[in-house]
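Below: one structure, written as structure tokens.
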Amino acid sequence: MGIYRDVGVVLRTYKLGESDRIIVLCTQGRGKVRAVAKGVRKTKSRFGGRLEPGSHVLVQMYEGRELDIVSQAELVETLPELRTGLDRLGRCAAILEAVDQVSQEGEANAVLYDMTVGALRAVAHWDTPLVTSAFFFKLLAVEGVGVSVGACVECAAETDLVALDLASGGVRCRSHREGVAVSPEALLILQLVLGGRLAQALALPIGAATFEVDHLAHLALERHIERRLRSIHILDGS
Amino acid sequence: MADYPAAIQELIDAFGRLPGIGPKSAQRITFHLLKADASESARLVRALSEATARVSFCSVCFNLAEGEQCMVCSDPQRDPHVLCVVEEPRDVVAVERTREFRGRYHVLGGAIDHLQGVGPEQLRVRELLARVQGEGITEVILCTNPNIEGEATALYLSRVLDVPGVTVSRIASGLPVGGDLEYADELTLGRALEGRRTVVR
């Protein structure tokens, strides 16, 4: 059985037996990896605290028949801000859930790993739901199902764009409107996010358009992964 | 084709459905009981049926209880103004073993878990709010696990427990007694430093 080291982000964990956990990681070199971390639920575990969802870690593992075994884990960076608020934790969880859904075991995807790390840093730095929305739209673009927001997908008109049609993958003008209505403010944010001006979009004050974009991002991602994102709906009724 | 007589296979399957017991362990337990004295099996059956018949959830705090109320809730010596909120009944036992806490408990029955889709609606949060507002509680100690689910639960509860006259506190995070500093993870050590205390001289 080979020993290997890789950097990755912990996507989720499952309890296993008395004190173990199964750790799911999005790694730089091996894609999604599932591994057993033994004894990490005990308070005296040497690396249990490093293998929480959202942790960016350098892990040493050895290959098992079905699941790999974590033998060491070091934090690459600490982002304590992620735990400073319920909203931030929720955004972090939504990003991790989305990555868990799109990443594949045994397929290295350094772009996805870099994007995940970047998104977690952004969640730690910016206290806005737009971070998650922007990540979802960019994730869809990386997956090859990005939305086009510059011109109408039907007639290529660049003005009077009023709807986002996820089925045809972009915005539509008033004459060809189909799908979900989009306000001009939300459209501007979408254009900033997908036009490479994320910092400009994040600097905008949080308002109705931010939540509109957030809603659109959830719709778009849930349509792609063909299931509801659990993490974004748990506080819906509270 | 069944390998064992139906009654034995049923027993193996019953044990195999228990957490942490695989098919081999289930077989081992079954054959141990079949080989052992009949009184041992009878004792097990009696203990199991008595536990399932007598044990239920405390009507006040949702800890495990043998009657209407658990031992803590029915103890008049306990401070009724301080409430320790825990995830599971076994956490009550863990806190009780410290002998440091003399208040009462509230068992949530789990923790908020974004990734599993467990929200406050599935926990006994509504009952907690009713107790805090109706029982003259002055302090609520959030004693959830120091993992991401426990943190999320504590953050949510601190948000909803914004009741005048009620102090909401969170148990401290830090280094385990008997451990080596060099093996502490950065987050734990950072929190231990953050929550440092003046040494009494």
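Naming works like this for the structure tokens: A, B, ... for the chains as they're shown, residue 1 at the start of each chain, ligands 1 onward in shown order.
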Got a sec to pull out which chain B residues are within 6 Å of chain A, counting only C-alpha atoms, and send them as a PDB file with all heavy atoms, in the first residue's frame?
```
ATOM      1  N   GLY B  20     -22.366  -0.398  14.788  1.00  0.00           N
ATOM      2  CA  GLY B  20     -21.022  -0.876  15.090  1.00  0.00           C
ATOM      3  C   GLY B  20     -20.873  -2.376  15.095  1.00  0.00           C
ATOM      4  O   GLY B  20     -19.803  -2.907  15.399  1.00  0.00           O
ATOM      5  N   HIS B 114     -25.478  21.536   8.413  1.00  0.00           N
ATOM      6  CA  HIS B 114     -25.791  22.057   7.075  1.00  0.00           C
ATOM      7  C   HIS B 114     -25.677  20.965   6.024  1.00  0.00           C
ATOM      8  O   HIS B 114     -26.515  20.844   5.147  1.00  0.00           O
ATOM      9  CB  HIS B 114     -24.823  23.182   6.709  1.00  0.00           C
ATOM     10  CG  HIS B 114     -25.057  24.461   7.447  1.00  0.00           C
ATOM     11  ND1 HIS B 114     -24.478  24.730   8.656  1.00  0.00           N
ATOM     12  CD2 HIS B 114     -25.826  25.527   7.147  1.00  0.00           C
ATOM     13  CE1 HIS B 114     -24.869  25.932   9.062  1.00  0.00           C
ATOM     14  NE2 HIS B 114     -25.683  26.435   8.165  1.00  0.00           N
ATOM     15  N   LEU B 115     -24.607  20.166   6.138  1.00  0.00           N
ATOM     16  CA  LEU B 115     -24.316  19.210   5.060  1.00  0.00           C
ATOM     17  C   LEU B 115     -25.238  18.000   5.081  1.00  0.00           C
ATOM     18  O   LEU B 115     -25.424  17.346   4.064  1.00  0.00           O
ATOM     19  CB  LEU B 115     -22.842  18.781   5.128  1.00  0.00           C
ATOM     20  CG  LEU B 115     -21.870  19.941   4.863  1.00  0.00           C
ATOM     21  CD1 LEU B 115     -20.458  19.578   5.272  1.00  0.00           C
ATOM     22  CD2 LEU B 115     -21.904  20.370   3.409  1.00  0.00           C
ATOM     23  N   GLY B 117     -28.372  18.458   6.158  1.00  0.00           N
ATOM     24  CA  GLY B 117     -29.702  19.063   6.059  1.00  0.00           C
ATOM     25  C   GLY B 117     -30.480  19.032   7.364  1.00  0.00           C
ATOM     26  O   GLY B 117     -31.704  19.043   7.353  1.00  0.00           O
ATOM     27  N   GLY B 119     -31.745  20.964  10.379  1.00  0.00           N
ATOM     28  CA  GLY B 119     -31.949  22.347  10.800  1.00  0.00           C
ATOM     29  C   GLY B 119     -32.560  22.431  12.186  1.00  0.00           C
ATOM     30  O   GLY B 119     -32.852  21.403  12.810  1.00  0.00           O
ATOM     31  N   ALA B 152     -22.178  25.668  14.810  1.00  0.00           N
ATOM     32  CA  ALA B 152     -23.340  26.217  14.102  1.00  0.00           C
ATOM     33  C   ALA B 152     -24.542  26.260  15.042  1.00  0.00           C
ATOM     34  O   ALA B 152     -25.285  27.248  15.072  1.00  0.00           O
ATOM     35  CB  ALA B 152     -23.651  25.370  12.866  1.00  0.00           C
ATOM     36  N   LEU B 155     -24.056  29.051  17.573  1.00  0.00           N
ATOM     37  CA  LEU B 155     -24.265  30.368  16.957  1.00  0.00           C
ATOM     38  C   LEU B 155     -25.760  30.631  16.739  1.00  0.00           C
ATOM     39  O   LEU B 155     -26.244  31.733  16.971  1.00  0.00           O
ATOM     40  CB  LEU B 155     -23.526  30.450  15.615  1.00  0.00           C
ATOM     41  CG  LEU B 155     -21.998  30.571  15.700  1.00  0.00           C
ATOM     42  CD1 LEU B 155     -21.359  30.304  14.351  1.00  0.00           C
ATOM     43  CD2 LEU B 155     -21.610  31.958  16.197  1.00  0.00           C
ATOM     44  N   TYR B 183       1.499  19.070  19.802  1.00  0.00           N
ATOM     45  CA  TYR B 183       0.565  18.325  18.958  1.00  0.00           C
ATOM     46  C   TYR B 183      -0.795  19.008  18.813  1.00  0.00           C
ATOM     47  O   TYR B 183      -1.659  18.515  18.104  1.00  0.00           O
ATOM     48  CB  TYR B 183       0.358  16.912  19.511  1.00  0.00           C
ATOM     49  CG  TYR B 183       1.592  16.063  19.438  1.00  0.00           C
ATOM     50  CD1 TYR B 183       2.143  15.501  20.574  1.00  0.00           C
ATOM     51  CD2 TYR B 183       2.222  15.834  18.206  1.00  0.00           C
ATOM     52  CE1 TYR B 183       3.288  14.732  20.508  1.00  0.00           C
ATOM     53  CE2 TYR B 183       3.352  15.067  18.127  1.00  0.00           C
ATOM     54  CZ  TYR B 183       3.887  14.519  19.284  1.00  0.00           C
ATOM     55  OH  TYR B 183       5.011  13.756  19.198  1.00  0.00           O
TER      56      TYR B 183
END
```
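The protein and nucleic acid residues lying at most 12 Å from range 4-7 of chain B are Met1, Ala2, Gln9, Glu10, Leu11, Ile12, Asp13, Ala14, Gln27, Thr30, Phe31 and Leu34 of chain B, with only C-alpha atoms considered and sequence neighbours fewer than 2 positions away removed.
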Give me the residues within 9 Å of Ile3 in chain A as number ranges by chain, counting only C-alpha atoms and dropping any in the same chain fewer than 5 places off.
A: 60-63
May I have the residues from that selection written out with C-alpha atoms, as a compact mmCIF listing (two decimals), in the first residue's frame?
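Once written, out07.txt looks like this:
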```txt
# COMPACT_ATOMS: atom_id res chain seq x y z
CA GLN A 60 -0.39 12.15 4.46
CA MET A 61 -2.38 9.06 3.68
CA TYR A 62 -1.83 5.50 2.77
CA GLU A 63 -3.91 3.74 0.22
```
Range 134-137 of chain A surroundings by only C-alpha atoms, 9 Å radius, close-in-sequence under 6 positions cut, as a list in words
Ile95, Ala98, Met115, Thr116, Ala119, Gly146, Val147, Leu190, Val193, Leu194, Leu198, Val213, Asp214, Ala217, His218, Ala220 and Leu221 of chain A
I'd like to know which of A:Val99, A:His176, A:Arg30, A:Val7 is closest to Leu120 in chain A, using only C-alpha atoms.
A:Val99
Residues within 6 Å of Val9 in chain A, please, as a PDB file with C-alpha atoms, in the first residue's frame. Count only C-alpha atoms; anything in the same chain fewer than 2 positions from it doesn't count.
```pdb
ATOM      1  CA  LEU A  25     -11.479  15.780   0.678  1.00  0.00           C
ATOM      2  CA  CYS A  26     -11.195  17.759  -2.537  1.00  0.00           C
ATOM      3  CA  SER A  55     -10.170  22.918   6.721  1.00  0.00           C
ATOM      4  CA  HIS A  56      -7.401  23.443   4.168  1.00  0.00           C
TER       5      HIS A  56
END
```
Name the residues of range 10-180 of chain B that come out as alpha helix (DSSP H) in a backbone DSSP run; write them as an MDAnalysis selection string.
chainID B and resid 10:16 23:35 38:54 89:98 125:134 148:160
Would you list the contacts of Leu202 in chain A as a PyMOL selection string, taking every protein, DNA or RNA residue within 8 Å and counting only C-alpha atoms, but skipping same-chain residues closer than 6 positions in sequence?
chain A and resi 126+128+130-131
Next, dump the selected residues to file, keeping only N, CA and C atoms, as a PDB file, in the first residue's frame.
```
ATOM      1  N   TRP A 126     -15.039  38.407   3.048  1.00  0.00           N
ATOM      2  CA  TRP A 126     -16.205  39.224   2.700  1.00  0.00           C
ATOM      3  C   TRP A 126     -17.461  38.648   3.364  1.00  0.00           C
ATOM      4  N   THR A 128     -20.724  38.636   2.754  1.00  0.00           N
ATOM      5  CA  THR A 128     -21.847  38.848   1.855  1.00  0.00           C
ATOM      6  C   THR A 128     -22.246  37.529   1.177  1.00  0.00           C
ATOM      7  N   LEU A 130     -23.012  37.151  -1.682  1.00  0.00           N
ATOM      8  CA  LEU A 130     -22.583  37.184  -3.082  1.00  0.00           C
ATOM      9  C   LEU A 130     -21.374  36.274  -3.332  1.00  0.00           C
ATOM     10  N   VAL A 131     -20.599  36.005  -2.287  1.00  0.00           N
ATOM     11  CA  VAL A 131     -19.434  35.127  -2.440  1.00  0.00           C
ATOM     12  C   VAL A 131     -19.889  33.743  -2.921  1.00  0.00           C
TER      13      VAL A 131
END
```
So what do you get for CA of Val140 in chain B versus CA of Cys61 in chain B, distance-wise?
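A separation of 13.2 Å between them.
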Check the DSSP output for the backbone and give back, as an NGL selection string, the residues of range 7-196 of chain B in strand (DSSP E).
:B and (56-57 or 64-65 or 82-86 or 104-107 or 139-142 or 167-170)
